[in-house]
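Comments concern the structure below.
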Amino acid sequence: MFTGLIQCIGKVKAFTQRGAEASLTIDSDFQTFTYGESIAINGACLSVTEFSGSTFSVFASRETLQISGIGNLLAGTAVNLEKALTLSTPLGGHLVAGHVDAWVRVLGRIRENAASRFQFALPDSEELKYQIAPKGSVTIDGVSLTVNAVTDTMFEVMIIPVTLQHTTLGNLNTGDMVNIETDILAKYITRRFDNPQYKAENNGVSMALLMQNGFMR
């Protein structure tokens, strides 16, 4: 698990395609590694396979390359990095699994004094669309952010100066693609309401229904 608070920006040193899979080598500011440890790269949780000094390598599966933008990283590309949290890690963002849900496009960037308001396309999946809600959490290229607004086609976030300066999000422009992960709680709620038996037994959502199933007190 991760918090969505980026610890450093790394740079892709090499990307090696191996059939439907790939390996990446990344230069970072990290000084210590453990074989097999998890590191989120632009929000995708990948395992360390080799390391030397501040450089480490990871393996990317077919699923990772298909769902996320990891397969489009080129040598020299900057990436957001975060090591897995521990039980003593301050949870300054939100609980992030590092499991990228979709790769979506930046629809617009509007400067708001020192901050920037970004608009992103909603994922194609109907399930994922409803997992993004106003004032909820979303992870964009590994960064924990709060959703400001949602329409039928896009969602909007405000990114403050410190995030623009210390992550790769400050370099985003209209048309760029980013990895997103919806909030883990939203996934379980969606799964619960998609259950056919649940739908048959419950024709609508009410306050009593939410309380009965533990969503409210």
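Convention: chains lettered A, B, ... in structure tokens order; per-chain residue numbering from 1; ligands numbered from 1 as shown.
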
Per-residue DSSP, region 15-206 of chain A, filtered to alpha helix (DSSP H), as an MDAnalysis selection string: chainID A and resid 62:67 126:129 161:166 184:194 196:201

Using 10 Å as the limit and counting only C-alpha atoms, can you tabulate each residue of region 60-94 of chain A that touches region 167-173 of chain A, with its shortest atom-to-atom distance in Å and the two atoms involved, as CSV?
```
residue,atom,partner,partner_atom,distance
A:Thr77,CA,A:Thr168,CA,9.8
A:Ala78,CA,A:Thr168,CA,6.8
A:Val79,CA,A:Thr168,CA,6.5
A:Asn80,CA,A:Thr167,CA,6.1
A:Leu81,CA,A:Thr167,CA,8.9
```

I'd like a table as JSON lines: residues in region 87-150 of chain A with an atom no more than 6 Å from region 1-24 of chain A, each row giving the shortest atom pair and its distance in Å to one decimal, only C-alpha atoms counted, sorted by chain and rising residue number.
```
{"residue": "A:Leu91", "atom": "CA", "partner": "A:Thr3", "partner_atom": "CA", "distance": 5.8}
{"residue": "A:Gly93", "atom": "CA", "partner": "A:Thr3", "partner_atom": "CA", "distance": 5.0}
{"residue": "A:His94", "atom": "CA", "partner": "A:Thr3", "partner_atom": "CA", "distance": 5.2}
{"residue": "A:Leu95", "atom": "CA", "partner": "A:Thr3", "partner_atom": "CA", "distance": 5.3}
{"residue": "A:Val96", "atom": "CA", "partner": "A:Phe2", "partner_atom": "CA", "distance": 4.8}
{"residue": "A:Ala97", "atom": "CA", "partner": "A:Met1", "partner_atom": "CA", "distance": 4.8}
{"residue": "A:Gly142", "atom": "CA", "partner": "A:Gly4", "partner_atom": "CA", "distance": 5.5}
{"residue": "A:Val143", "atom": "CA", "partner": "A:Gly4", "partner_atom": "CA", "distance": 4.5}
{"residue": "A:Ser144", "atom": "CA", "partner": "A:Gly4", "partner_atom": "CA", "distance": 4.2}
```

Nearby residues (only C-alpha atoms) at most 12 Å from Val100 (chain A), same-chain spacing under 5 positions excluded, as a VMD selection string: chain A and resid 40 to 46 63 to 70 123 128 138 to 143 178 to 184

Go ahead and save the picked residues with C-alpha atoms, as a CSV table (one decimal), in the first residue's frame.
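This went into out_8.csv:
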```csv
chain,number,residue,atom,x,y,z
A,40,ALA,CA,5.0,2.8,-7.1
A,41,ILE,CA,6.1,4.2,-10.4
A,42,ASN,CA,3.6,6.8,-11.7
A,43,GLY,CA,1.1,5.0,-9.4
A,44,ALA,CA,1.8,1.4,-10.6
A,45,CYS,CA,3.1,-0.9,-7.9
A,46,LEU,CA,6.1,-2.9,-9.3
A,63,GLU,CA,-1.5,-6.6,-17.5
A,64,THR,CA,0.6,-3.6,-16.3
A,65,LEU,CA,1.6,-2.7,-19.9
A,66,GLN,CA,-2.0,-3.0,-21.2
A,67,ILE,CA,-3.8,-1.0,-18.4
A,68,SER,CA,-1.3,1.7,-17.6
A,69,GLY,CA,1.1,4.0,-19.4
A,70,ILE,CA,4.1,2.2,-18.1
A,123,PRO,CA,-12.4,6.2,-17.9
A,128,LEU,CA,-14.9,3.2,-13.0
A,138,VAL,CA,-8.2,9.8,-6.9
A,139,THR,CA,-4.6,8.9,-7.7
A,140,ILE,CA,-3.1,10.5,-10.8
A,141,ASP,CA,0.3,9.2,-11.8
A,142,GLY,CA,0.7,8.1,-8.2
A,143,VAL,CA,-0.3,11.4,-6.7
A,178,VAL,CA,-1.9,9.7,-17.1
A,179,ASN,CA,-2.5,6.7,-14.9
A,180,ILE,CA,-5.4,6.8,-12.6
A,181,GLU,CA,-6.5,4.7,-9.6
A,182,THR,CA,-9.9,5.2,-8.0
A,183,ASP,CA,-10.4,5.1,-4.3
A,184,ILE,CA,-10.3,1.6,-2.8
```
